[in-house]
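One structure below.
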Amino acid sequence: MTDELLHISGLEKRYPTRWGGEVVALRGIGLTIRRGDFVALRGPSGCGKTTLLLCAGTLLRPECGQVLLQGRDPYALSAAARSAFRAAKVGFVFQNFHLVPYLSVLDNVMLCGLAGAPRATLETQARKLLEKLGLSHRLRHRPSELSIGEQQRVALVRALAGGAMLILADEPTGNLDAANGRILLDHLAEFARAGGAVLMVTHEPAASDHAFTRLDMQDGRLLDSRI
Ligand SMILES: Nc1ncnc2c1ncn2[C@@H]1O[C@H](COP(=O)(O)OP(=O)(O)O)[C@@H](O)[C@H]1O
Ligand SMILES: [Mg+2]
């Protein structure tokens with residue numbers, strides 16, 4: 001199996017503005033993420049970090065360039081097949097968690113299990129992951145009944161539940177206090193050491209210091225080469 005979980009080349013993304021202009025958000029990005037990587041992506045607000053993460057996860061289609069996930073081009077697939085492929089290959093963690101408010105912790109995690117897997121299998125796997133992240137005693141809670149740190153750990157479990165080897169995280173510690181931030185970062189590091197990979201956008205030095213590698217971005221470009 002290939003070590004390259006994500007390979008990006010020549011990526012360009014523009015956003016049209018409502019008054020007929022455009023914002024050039026990505027200006028030719030090349031990037032490879034391999035198993036074992038924990039990369040912090042840094043840069044000033046507006047430099048294109050979130051756009052890059054969304055394109056890498058195929059949630060946003062670039063105008064130019066290629067995104068390969070484990071050697072495959074998701075855009076060669078139909079939209080439905082691409083969704084299933086994305087769910088199997090990529091887990092997302094966002095600053096604002098994006099948990100479903102009216103579902104329990106267990107159901108939030110199971111929601112992102114692989115389509116087609118039997119419910120019992122999904123539940124066993126979800127319980128195991130929740131236990132690993134110290135959430136066994138919160139299975140029936142709803143997100144609003146959890147601490148902020150617990151909510152972000154549920155979001156991480158959900159990202160892991162589909163079996164994806166690549167985690168894309170956008171300011172995952174942005175809403176956490178220092179102690180909870182460290183717990184989350186330790187889990188991300190452990191995931192990478194176990195053969196997964198993490199690409200994490202952050203502007204917090206404590207978070208980027210935790211990553212194994214740091215990449216700097218400015219005005220739609222990466223300042224360091226990593227291909
Ligand atoms: N949907 C959008 N429509 C128009 N412009 C956008 C949109 N999303 C982002 N942008 C612009 O693209 C640039 C990059 O945004 P973003 O990737 O969110 O930066 P970052 O995450 O580094 O703060 C910014 O200048 C932002 O204003
Ligand atoms: Mg952003």
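How things are named: the first chain in the structure tokens is A, the next is B, and so on; residues count from 1 in each chain; ligands count from 1 in the order shown.
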Contacts of Gln66 (chain A) at 10 Å (only C-alpha atoms; same-chain gap of 6+ positions) as a VMD selection string: chain A and resid 7 to 12 29 to 30 55 to 56 73 to 75
Surroundings of ligand 1 up to 12 Å, based on only C-alpha atoms and all ligand atoms, as a PyMOL selection string: chain A and resi 12-27+41-56+60+94-95+169-171+200-203+216-222
In region 79-207 of chain A, DSSP strand (DSSP E) residues written as a VMD selection string: chain A and resid 90 to 94 166 to 170 197 to 201
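Atom pair CA of Leu188 (chain A) / CA of Leu176 (chain A) has a distance of 14.7 Å (rounded to one decimal).
Our summary of the geometry notes that CA of Ser208 (chain A) is positioned 11.5 Å from CA of Gly181 (chain A).
Going from CA of Phe92 (chain A) over to CA of Ala189 (chain A), you cover 15.4 Å.
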A:Leu139, A:Leu31, A:Ala84, A:Val105 ranked by distance to Thr58 (chain A), top pick (using only C-alpha atoms): A:Ala84
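Each of A:Pro205, A:Ala197, A:Asp3, A:Pro172 was checked against ligand 2 using only C-alpha atoms and all ligand atoms; the smallest atom-to-atom distance is that of A:Pro172.
Minimum atom-to-atom distance to Asp37 (chain A), evaluated using only C-alpha atoms, belongs to A:Ala192 out of A:Ala192, A:Leu133, A:Ala161, A:Leu223.
Nearest residue to ligand 2, choosing from A:Asn96, A:Asn108, A:Ser147, A:Gln70 and counting only C-alpha atoms and all ligand atoms: A:Asn96.
Every residue of region 59-101 of chain A with a DSSP assignment of helix (DSSP H, G or I), taken from the backbone, is listed as Pro74, Tyr75, Ala76, Ala79, Ala80, Ala81, Arg82, Ser83, Ala84, Phe85, Arg86, Ala87, Ala88 and Lys89 of chain A.
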